[in-house]
file work28.pdb (PDB, C-alpha atoms)
ATOM      1  CA  MET X   1     271.108  30.059   0.759
ATOM      2  CA  MET X   2     267.384  30.536   1.327
ATOM      3  CA  ASP X   3     265.983  34.062   1.559
ATOM      4  CA  ARG X   4     264.464  34.276   5.052
ATOM      5  CA  ARG X   5     261.866  36.785   3.721
ATOM      6  CA  ILE X   6     260.195  34.021   1.721
ATOM      7  CA  THR X   7     261.256  30.958   3.740
ATOM      8  CA  PRO X   8     258.526  30.010   6.253
ATOM      9  CA  ALA X   9     260.762  28.705   9.039
ATOM     10  CA  ASN X  10     261.947  30.139  12.363
ATOM     11  CA  GLY X  11     263.769  27.205  13.997
ATOM     12  CA  ARG X  12     260.841  26.179  16.175
ATOM     13  CA  VAL X  13     258.451  25.614  13.296
ATOM     14  CA  ALA X  14     258.572  25.407   9.506
ATOM     15  CA  ALA X  15     256.176  24.794   6.656
ATOM     16  CA  LEU X  16     255.697  21.121   5.896
ATOM     17  CA  HIS X  17     257.070  21.414   2.352
ATOM     18  CA  LEU X  18     260.455  22.480   3.779
ATOM     19  CA  GLN X  19     261.013  19.189   5.580
ATOM     20  CA  GLY X  20     264.517  17.968   4.738
ATOM     21  CA  GLN X  21     265.593  21.457   3.614
ATOM     22  CA  VAL X  22     265.680  23.389   6.912
ATOM     23  CA  GLN X  23     266.006  22.561  10.589
ATOM     24  CA  ALA X  24     262.953  22.976  12.817
ATOM     25  CA  ASP X  25     261.371  21.334  15.842
ATOM     26  CA  ARG X  26     258.068  20.910  14.003
ATOM     27  CA  PHE X  27     256.878  20.902  10.395
ATOM     28  CA  VAL X  28     253.253  21.934   9.904
ATOM     29  CA  VAL X  29     250.750  22.756   7.186
ATOM     30  CA  GLY X  30     249.521  25.871   8.965
ATOM     31  CA  THR X  31     246.095  27.448   9.304
ATOM     32  CA  GLU X  32     244.791  30.020   6.868
ATOM     33  CA  HIS X  33     243.706  33.307   8.419
ATOM     34  CA  ARG X  34     242.657  36.667   7.053
ATOM     35  CA  VAL X  35     243.528  40.180   8.167
ATOM     36  CA  ALA X  36     240.667  41.612  10.226
ATOM     37  CA  MET X  37     242.054  45.160  10.560
ATOM     38  CA  THR X  38     242.458  47.921   7.984
ATOM     39  CA  LEU X  39     246.214  47.207   7.974
ATOM     40  CA  ALA X  40     248.525  44.709   9.643
ATOM     41  CA  ASP X  41     252.314  44.965   9.699
ATOM     42  CA  ILE X  42     254.532  42.002   8.870
ATOM     43  CA  ARG X  43     257.565  42.114  11.157
ATOM     44  CA  ARG X  44     260.871  40.270  11.116
ATOM     45  CA  GLU X  45     260.474  39.452  14.809
ATOM     46  CA  PRO X  46     257.711  39.921  17.401
ATOM     47  CA  GLY X  47     257.404  43.609  18.193
ATOM     48  CA  GLY X  48     260.044  44.491  15.613
ATOM     49  CA  ALA X  49     259.948  47.097  12.880
ATOM     50  CA  ARG X  50     257.542  46.844   9.954
ATOM     51  CA  GLU X  51     258.956  45.128   6.883
ATOM     52  CA  ARG X  52     255.792  44.954   4.773
ATOM     53  CA  GLN X  53     252.056  45.308   5.279
ATOM     54  CA  LEU X  54     248.920  43.297   4.739
ATOM     55  CA  VAL X  55     245.575  44.951   4.021
ATOM     56  CA  PHE X  56     242.107  43.953   5.188
ATOM     57  CA  GLY X  57     241.157  40.488   3.968
ATOM     58  CA  ASP X  58     244.668  39.458   2.873
ATOM     59  CA  ARG X  59     245.320  35.784   3.567
ATOM     60  CA  PHE X  60     248.068  34.781   5.986
ATOM     61  CA  ASN X  61     248.998  31.166   6.658
ATOM     62  CA  VAL X  62     249.766  30.871  10.385
ATOM     63  CA  LEU X  63     252.384  28.277  11.288
ATOM     64  CA  GLU X  64     252.738  29.253  14.949
ATOM     65  CA  ASP X  65     250.745  31.417  17.374
ATOM     66  CA  ARG X  66     252.874  32.275  20.388
ATOM     67  CA  ASP X  67     252.693  35.056  22.997
ATOM     68  CA  GLY X  68     250.299  37.133  20.903
ATOM     69  CA  TRP X  69     252.272  36.887  17.660
ATOM     70  CA  SER X  70     251.492  34.731  14.647
ATOM     71  CA  PHE X  71     254.412  33.513  12.551
ATOM     72  CA  GLY X  72     253.535  32.635   8.978
ATOM     73  CA  GLN X  73     253.472  33.547   5.320
ATOM     74  CA  SER X  74     251.460  35.954   3.198
ATOM     75  CA  GLU X  75     249.500  34.285   0.435
ATOM     76  CA  LYS X  76     249.711  37.171  -2.053
ATOM     77  CA  ASP X  77     253.500  37.343  -2.283
ATOM     78  CA  GLY X  78     255.013  34.688  -0.005
ATOM     79  CA  TYR X  79     256.415  37.225   2.467
ATOM     80  CA  VAL X  80     257.265  35.659   5.828
ATOM     81  CA  GLY X  81     257.205  37.201   9.267
ATOM     82  CA  TYR X  82     255.228  37.942  12.406
ATOM     83  CA  VAL X  83     251.784  39.544  12.581
ATOM     84  CA  ALA X  84     249.987  40.494  15.797
ATOM     85  CA  SER X  85     247.564  37.621  16.393
ATOM     86  CA  MET X  86     244.736  39.967  17.382
ATOM     87  CA  GLN X  87     244.798  41.373  13.832
ATOM     88  CA  LEU X  88     243.997  37.998  12.282
ATOM     89  CA  GLU X  89     240.915  35.801  12.174
ATOM     90  CA  GLU X  90     239.734  32.659  10.467
ATOM     91  CA  GLY X  91     237.093  33.106   7.808
ATOM     92  CA  PRO X  92     235.875  32.141   4.349
ATOM     93  CA  ALA X  93     237.687  32.934   1.134
ATOM     94  CA  PRO X  94     237.164  36.449  -0.249
ATOM     95  CA  THR X  95     234.867  37.034  -3.203
ATOM     96  CA  HIS X  96     235.515  40.713  -4.033
ATOM     97  CA  TRP X  97     238.255  43.314  -3.725
ATOM     98  CA  VAL X  98     238.325  47.105  -3.332
ATOM     99  CA  MET X  99     239.293  48.692  -6.646
ATOM    100  CA  THR X 100     239.052  52.339  -5.552
ATOM    101  CA  PRO X 101     241.656  54.218  -3.487
ATOM    102  CA  ALA X 102     239.541  53.686  -0.369
ATOM    103  CA  SER X 103     236.139  52.578   0.860
ATOM    104  CA  HIS X 104     234.240  51.978   4.098
ATOM    105  CA  LEU X 105     232.314  49.198   5.744
ATOM    106  CA  TYR X 106     228.966  50.521   6.976
ATOM    107  CA  GLN X 107     226.719  49.311   9.769
ATOM    108  CA  ARG X 108     223.688  49.274   7.471
ATOM    109  CA  ASP X 109     222.928  49.572   3.746
ATOM    110  CA  ASP X 110     222.683  53.340   4.083
ATOM    111  CA  ILE X 111     225.378  55.944   3.432
ATOM    112  CA  LYS X 112     224.221  57.837   6.534
ATOM    113  CA  SER X 113     224.681  54.842   8.817
ATOM    114  CA  PRO X 114     227.840  54.656  10.976
ATOM    115  CA  ASP X 115     230.992  53.675   9.107
ATOM    116  CA  ILE X 116     232.592  50.762  10.938
ATOM    117  CA  GLN X 117     235.951  50.459   9.221
ATOM    118  CA  ARG X 118     238.012  52.138   6.513
ATOM    119  CA  LEU X 119     239.305  49.924   3.718
ATOM    120  CA  THR X 120     242.205  50.661   1.397
ATOM    121  CA  PHE X 121     242.837  49.773  -2.230
ATOM    122  CA  GLY X 122     243.222  46.012  -2.647
ATOM    123  CA  ALA X 123     241.309  45.083   0.508
ATOM    124  CA  GLN X 124     239.324  41.869   0.149
ATOM    125  CA  VAL X 125     235.858  41.044   1.453
ATOM    126  CA  THR X 126     233.480  38.097   1.363
ATOM    127  CA  VAL X 127     230.129  39.097  -0.125
ATOM    128  CA  VAL X 128     227.113  37.053   0.964
ATOM    129  CA  HIS X 129     224.177  39.144  -0.225
ATOM    130  CA  GLU X 130     223.246  42.033  -2.516
ATOM    131  CA  VAL X 131     221.161  44.843  -1.020
ATOM    132  CA  LYS X 132     220.122  47.868  -3.082
ATOM    133  CA  LYS X 133     223.337  49.839  -3.722
ATOM    134  CA  PHE X 134     225.407  47.803  -1.282
ATOM    135  CA  PHE X 135     226.947  44.390  -0.883
ATOM    136  CA  GLN X 136     226.548  42.689   2.489
ATOM    137  CA  THR X 137     229.659  40.942   3.818
ATOM    138  CA  ASP X 138     229.981  37.821   5.940
ATOM    139  CA  SER X 139     230.582  40.087   8.956
ATOM    140  CA  ASP X 140     227.103  41.597   8.437
ATOM    141  CA  GLN X 141     228.473  44.928   7.302
ATOM    142  CA  PHE X 142     227.855  46.765   4.058
ATOM    143  CA  ILE X 143     230.077  48.208   1.333
ATOM    144  CA  PRO X 144     229.112  50.276  -1.747
ATOM    145  CA  LYS X 145     228.844  48.178  -4.888
ATOM    146  CA  GLN X 146     230.731  50.805  -6.884
ATOM    147  CA  HIS X 147     233.895  50.157  -4.899
ATOM    148  CA  LEU X 148     234.222  46.421  -5.515
ATOM    149  CA  ARG X 149     235.272  44.022  -8.246
ATOM    150  CA  PRO X 150     234.913  40.245  -8.122
ATOM    151  CA  ILE X 151     238.135  38.390  -7.308
ATOM    152  CA  GLY X 152     239.801  37.689 -10.656
ATOM    153  CA  ASN X 153     238.354  40.802 -12.335
ATOM    154  CA  THR X 154     241.561  42.782 -12.707
ATOM    155  CA  PHE X 155     242.859  45.985 -14.259
ATOM    156  CA  SER X 156     244.806  45.796 -17.510
ATOM    157  CA  ASP X 157     247.300  48.677 -17.136
ATOM    158  CA  PRO X 158     249.642  48.726 -14.094
ATOM    159  CA  ALA X 159     250.554  52.390 -14.669
ATOM    160  CA  SER X 160     246.893  53.388 -14.354
ATOM    161  CA  VAL X 161     246.736  51.626 -11.001
ATOM    162  CA  ALA X 162     249.934  53.330  -9.823
ATOM    163  CA  GLN X 163     248.417  56.674 -10.788
ATOM    164  CA  LEU X 164     245.486  56.027  -8.435
ATOM    165  CA  PHE X 165     248.060  56.349  -5.627
ATOM    166  CA  PHE X 166     249.258  59.826  -6.683
ATOM    167  CA  GLY X 167     249.767  61.951  -3.565
ATOM    168  CA  THR X 168     249.684  58.999  -1.162
ATOM    169  CA  PRO X 169     252.121  59.658   1.718
ATOM    170  CA  TYR X 170     255.410  57.786   1.609
ATOM    171  CA  LEU X 171     255.660  55.110   4.293
ATOM    172  CA  TRP X 172     258.614  52.746   4.656
ATOM    173  CA  GLY X 173     257.278  49.216   4.235
ATOM    174  CA  GLY X 174     253.815  50.562   3.402
ATOM    175  CA  ASN X 175     251.498  48.633   1.120
ATOM    176  CA  SER X 176     248.322  50.679   1.027
ATOM    177  CA  SER X 177     246.673  53.857  -0.195
ATOM    178  CA  THR X 178     247.113  55.148   3.368
ATOM    179  CA  GLY X 179     250.902  54.992   3.035
ATOM    180  CA  VAL X 180     253.164  53.215   0.567
ATOM    181  CA  ASP X 181     256.817  52.820  -0.371
ATOM    182  CA  CYS X 182     258.386  52.291  -3.787
ATOM    183  CA  SER X 183     258.081  48.512  -3.949
ATOM    184  CA  GLY X 184     254.653  48.588  -2.316
ATOM    185  CA  LEU X 185     253.397  50.858  -5.096
ATOM    186  CA  VAL X 186     254.745  48.596  -7.834
ATOM    187  CA  GLN X 187     253.369  45.516  -6.131
ATOM    188  CA  ALA X 188     249.889  47.022  -5.730
ATOM    189  CA  ALA X 189     249.869  48.030  -9.393
ATOM    190  CA  LEU X 190     250.926  44.614 -10.647
ATOM    191  CA  LEU X 191     248.780  42.489  -8.351
ATOM    192  CA  ALA X 192     245.746  44.556  -9.348
ATOM    193  CA  CYS X 193     246.475  43.513 -12.936
ATOM    194  CA  GLY X 194     246.851  39.841 -12.056
ATOM    195  CA  ILE X 195     250.645  39.924 -12.369
ATOM    196  CA  PRO X 196     252.498  38.090  -9.553
ATOM    197  CA  CYS X 197     254.903  40.413  -7.762
ATOM    198  CA  PRO X 198     257.163  39.996  -4.713
ATOM    199  CA  GLY X 199     257.274  42.547  -1.914
ATOM    200  CA  ASP X 200     260.735  44.148  -1.985
ATOM    201  CA  SER X 201     262.456  45.984  -4.834
ATOM    202  CA  ASP X 202     265.467  43.655  -5.000
ATOM    203  CA  MET X 203     263.163  40.658  -5.405
ATOM    204  CA  GLN X 204     261.127  42.543  -8.000
ATOM    205  CA  LYS X 205     264.273  43.342  -9.956
ATOM    206  CA  ALA X 206     265.242  39.662  -9.950
ATOM    207  CA  VAL X 207     261.973  38.251 -11.294
ATOM    208  CA  LEU X 208     259.980  40.915 -13.135
ATOM    209  CA  GLY X 209     260.088  41.590 -16.857
ATOM    210  CA  ASP X 210     262.812  41.499 -19.461
ATOM    211  CA  GLU X 211     265.998  43.536 -19.285
ATOM    212  CA  LEU X 212     266.192  46.561 -21.605
ATOM    213  CA  PRO X 213     269.459  47.940 -22.984
ATOM    214  CA  GLU X 214     270.599  51.249 -21.531
ATOM    215  CA  GLY X 215     269.688  53.278 -24.612
ATOM    216  CA  ALA X 216     266.242  51.762 -25.173
ATOM    217  CA  VAL X 217     263.286  54.121 -25.526
ATOM    218  CA  LEU X 218     261.200  53.712 -22.399
ATOM    219  CA  GLN X 219     257.452  53.219 -22.528
ATOM    220  CA  ARG X 220     254.463  53.195 -20.214
ATOM    221  CA  GLY X 221     254.699  50.444 -17.605
ATOM    222  CA  ASP X 222     258.479  49.947 -17.812
ATOM    223  CA  LEU X 223     260.279  49.632 -14.490
ATOM    224  CA  LEU X 224     263.500  51.385 -13.463
ATOM    225  CA  PHE X 225     265.555  50.009 -10.585
ATOM    226  CA  TRP X 226     268.210  51.585  -8.412
ATOM    227  CA  LYS X 227     269.840  50.069  -5.361
ATOM    228  CA  GLY X 228     266.888  49.880  -2.971
ATOM    229  CA  HIS X 229     264.449  51.749  -5.206
ATOM    230  CA  VAL X 230     262.025  51.176  -8.078
ATOM    231  CA  ALA X 231     259.873  53.450 -10.246
ATOM    232  CA  MET X 232     257.338  52.917 -13.038
ATOM    233  CA  MET X 233     257.149  54.856 -16.298
ATOM    234  CA  VAL X 234     253.878  56.560 -17.220
ATOM    235  CA  ASP X 235     255.236  57.687 -20.594
ATOM    236  CA  SER X 236     258.629  57.823 -22.308
ATOM    237  CA  GLU X 237     259.803  60.798 -20.223
ATOM    238  CA  THR X 238     257.941  60.657 -16.916
ATOM    239  CA  MET X 239     257.937  58.173 -14.082
ATOM    240  CA  ILE X 240     255.777  57.714 -10.994
ATOM    241  CA  HIS X 241     257.251  56.484  -7.716
ATOM    242  CA  ALA X 242     256.811  56.545  -3.958
ATOM    243  CA  ASN X 243     259.918  58.239  -2.628
ATOM    244  CA  GLY X 244     261.442  59.889   0.399
ATOM    245  CA  HIS X 245     262.421  63.038  -1.549
ATOM    246  CA  HIS X 246     258.798  64.071  -2.105
ATOM    247  CA  MET X 247     257.557  61.964   0.862
ATOM    248  CA  ALA X 248     254.704  60.926  -1.400
ATOM    249  CA  VAL X 249     253.822  59.146  -4.593
ATOM    250  CA  ALA X 250     254.871  61.676  -7.201
ATOM    251  CA  TYR X 251     255.535  62.158 -10.898
ATOM    252  CA  GLU X 252     259.071  63.099 -11.862
ATOM    253  CA  PRO X 253     260.840  63.607 -15.192
ATOM    254  CA  VAL X 254     262.957  60.500 -15.557
ATOM    255  CA  GLU X 255     266.211  62.217 -16.564
ATOM    256  CA  LYS X 256     265.893  64.676 -13.680
ATOM    257  CA  ALA X 257     265.220  61.801 -11.265
ATOM    258  CA  ILE X 258     268.221  59.835 -12.509
ATOM    259  CA  ARG X 259     270.507  62.823 -11.916
ATOM    260  CA  ARG X 260     268.973  63.615  -8.521
ATOM    261  CA  ILE X 261     269.158  60.044  -7.209
ATOM    262  CA  ASP X 262     272.751  59.700  -8.355
ATOM    263  CA  ALA X 263     273.696  63.055  -6.799
ATOM    264  CA  GLN X 264     272.185  62.104  -3.441
ATOM    265  CA  GLY X 265     274.484  59.088  -3.317
ATOM    266  CA  ASP X 266     272.189  56.238  -4.351
ATOM    267  CA  GLY X 267     273.947  55.533  -7.619
ATOM    268  CA  PRO X 268     272.835  55.113 -11.221
ATOM    269  CA  VAL X 269     269.965  53.069 -12.625
ATOM    270  CA  SER X 270     270.910  49.420 -12.161
ATOM    271  CA  SER X 271     268.233  47.847 -14.356
ATOM    272  CA  ARG X 272     265.523  48.710 -16.840
ATOM    273  CA  LYS X 273     262.730  46.135 -17.174
ATOM    274  CA  ARG X 274     259.769  45.712 -19.497
ATOM    275  CA  LEU X 275     256.863  43.639 -18.254
TER     276      LEU X 275
END
call {"tool": "encode", "arguments": {"input": "work28.pdb", "output": "structure tokens"}}
result
Amino acid sequence: MMDRRITPANGRVAALHLQGQVQADRFVVGTEHRVAMTLADIRREPGGARERQLVFGDRFNVLEDRDGWSFGQSEKDGYVGYVASMQLEEGPAPTHWVMTPASHLYQRDDIKSPDIQRLTFGAQVTVVHEVKKFFQTDSDQFIPKQHLRPIGNTFSDPASVAQLFFGTPYLWGGNSSTGVDCSGLVQAALLACGIPCPGDSDMQKAVLGDELPEGAVLQRGDLLFWKGHVAMMVDSETMIHANGHHMAVAYEPVEKAIRRIDAQGDGPVSSRKRL
């Protein structure tokens, strides 16, 4: 049975490559768009609750635009759902991405000029020109050079990326340095290192890394999974995770966390993975 979270079909329309596999009135290639807002929620249904988020510049393949909602699929992880059409636009492929916890788009190449939009970690922009200490984007706005890396220039240590999010507020379904949940934190860390990563913790558990035996000594970058939760080790005794207990991205001694999570009714560790 296909997972609807990564199956671009809603009965009315489906991606062309699914022809013969699902039922739909139409099969289409879709039109590539990019997120034009700081954040855009992916929803299971129009106007429904947030399931995941896209950040500025993320690519979203629109299969259907109906009544103000675009149905399609996220390019970065294959997540499927509805995004408010007003939050999307067509545009060229990105050239750079934000590698700091946050940045801003400015009206001019001057730090005292009005800031037009806040960008979060992982946001993508299209650079068209270099001006002094700024890059100019295709929307004729400016961003500090220090905050960008070229697309493809990645980090090497996922735990270091996760640590950039320390103190970020917990947000169910969040995928940004404005607010993030457990799987959003792991995904941001891995994608920033060029490692493909799905959006939800159960999907991450299924595809990421190699299983470790229960008594294995944990090391930096290892992942621990519970039912509905994931954390990343920063050393053999300490993990970092976005969690509802602290309502933030926090460090926690791993043995203490295991006991606490079990005591609150969420069970034992279900998997230990090494990337």
call {"tool": "resolve_selection", "arguments": {"input": "work28.pdb", "expression": "the PyMOL selection byres ((chain X and resi 238) around 8)", "output": "count of residues only"}}
result
11
call {"tool": "resolve_selection", "arguments": {"input": "work28.pdb", "expression": "the PyMOL selection byres ((chain X and resi 101) around 7)", "output": "list in words"}}
result
Met99, Thr100, Ala102, Thr120, Phe121, Leu164 and Ser177 of chain X
call {"tool": "atom_distance", "arguments": {"input": "work28.pdb", "atom1": "atom CA of Leu224 of chain X", "atom2": "atom CA of Thr154 of chain X"}}
result
23.6 Å
call {"tool": "resolve_selection", "arguments": {"input": "work28.pdb", "expression": "the PyMOL selection byres ((chain X and resi 11) around 8)", "output": "list in words"}}
result
Ala9, Asn10, Arg12, Val13, Ala14, Gln23, Ala24 and Asp25 of chain X
call {"tool": "residues_around", "arguments": {"input": "work28.pdb", "residues": "Leu63 of chain X", "least_positions_apart": "4", "cutoff": "7 Å", "atoms": "all atoms listed in the file", "output": "list in words"}}
result
Val13, Ala15, Val28, Gly30, Thr31, Phe71 and Gly72 of chain X
call {"tool": "axis_aligned_box", "arguments": {"input": "work28.pdb", "around": "segment 49-54 of chain X", "padding_each_side": "6 Å", "output": "AutoDock Vina command-line options"}}
result
--center_x 254.4 --center_y 45.2 --center_z 8.8 --size_x 23.0 --size_y 15.8 --size_z 20.1
call {"tool": "atom_distance", "arguments": {"input": "work28.pdb", "atom1": "atom CA of Gly215 of chain X", "atom2": "atom CA of Leu275 of chain X"}}
result
17.3 Å
call {"tool": "closest_residue", "arguments": {"input": "work28.pdb", "among": "X:Glu89, X:Asp3, X:Glu51, X:Asp157", "to": "Val22 of chain X", "atoms": "all atoms listed in the file"}}
result
X:Asp3
call {"tool": "closest_residue", "arguments": {"input": "work28.pdb", "among": "X:Tyr79, X:Phe135, X:Trp172, X:Trp226", "to": "Val98 of chain X", "atoms": "only C-alpha atoms"}}
result
X:Phe135
call {"tool": "decode", "arguments": {"input": "work28.pdb", "residues": "segment 116-127 of chain X", "atoms": "N, CA and C atoms", "output": "PDB file, in the first residue's frame"}}
result
ATOM      1  N   ILE X 116      13.575  43.372   4.095  1.00  0.00           N
ATOM      2  CA  ILE X 116      12.334  43.035   3.409  1.00  0.00           C
ATOM      3  C   ILE X 116      11.739  41.730   3.918  1.00  0.00           C
ATOM      4  N   GLN X 117      12.615  40.767   4.221  1.00  0.00           N
ATOM      5  CA  GLN X 117      12.107  39.448   4.594  1.00  0.00           C
ATOM      6  C   GLN X 117      13.151  38.707   5.422  1.00  0.00           C
ATOM      7  N   ARG X 118      12.676  37.988   6.439  1.00  0.00           N
ATOM      8  CA  ARG X 118      13.561  37.145   7.236  1.00  0.00           C
ATOM      9  C   ARG X 118      13.676  35.784   6.568  1.00  0.00           C
ATOM     10  N   LEU X 119      14.887  35.241   6.554  1.00  0.00           N
ATOM     11  CA  LEU X 119      15.125  33.909   6.022  1.00  0.00           C
ATOM     12  C   LEU X 119      15.643  33.012   7.128  1.00  0.00           C
ATOM     13  N   THR X 120      15.297  31.736   7.068  1.00  0.00           N
ATOM     14  CA  THR X 120      15.741  30.780   8.065  1.00  0.00           C
ATOM     15  C   THR X 120      16.840  29.881   7.488  1.00  0.00           C
ATOM     16  N   PHE X 121      17.458  29.117   8.355  1.00  0.00           N
ATOM     17  CA  PHE X 121      18.471  28.159   7.923  1.00  0.00           C
ATOM     18  C   PHE X 121      17.914  27.275   6.812  1.00  0.00           C
ATOM     19  N   GLY X 122      18.717  27.081   5.760  1.00  0.00           N
ATOM     20  CA  GLY X 122      18.300  26.214   4.658  1.00  0.00           C
ATOM     21  C   GLY X 122      17.535  26.904   3.559  1.00  0.00           C
ATOM     22  N   ALA X 123      17.143  28.171   3.764  1.00  0.00           N
ATOM     23  CA  ALA X 123      16.455  28.909   2.707  1.00  0.00           C
ATOM     24  C   ALA X 123      17.352  28.996   1.477  1.00  0.00           C
ATOM     25  N   GLN X 124      16.722  29.043   0.311  1.00  0.00           N
ATOM     26  CA  GLN X 124      17.467  29.054  -0.946  1.00  0.00           C
ATOM     27  C   GLN X 124      17.145  30.310  -1.743  1.00  0.00           C
ATOM     28  N   VAL X 125      18.173  30.883  -2.362  1.00  0.00           N
ATOM     29  CA  VAL X 125      18.001  32.090  -3.158  1.00  0.00           C
ATOM     30  C   VAL X 125      18.730  31.915  -4.486  1.00  0.00           C
ATOM     31  N   THR X 126      18.345  32.758  -5.440  1.00  0.00           N
ATOM     32  CA  THR X 126      19.002  32.777  -6.747  1.00  0.00           C
ATOM     33  C   THR X 126      19.827  34.047  -6.845  1.00  0.00           C
ATOM     34  N   VAL X 127      21.133  33.901  -6.833  1.00  0.00           N
ATOM     35  CA  VAL X 127      22.048  35.044  -6.900  1.00  0.00           C
ATOM     36  C   VAL X 127      22.312  35.400  -8.363  1.00  0.00           C
TER      37      VAL X 127
END
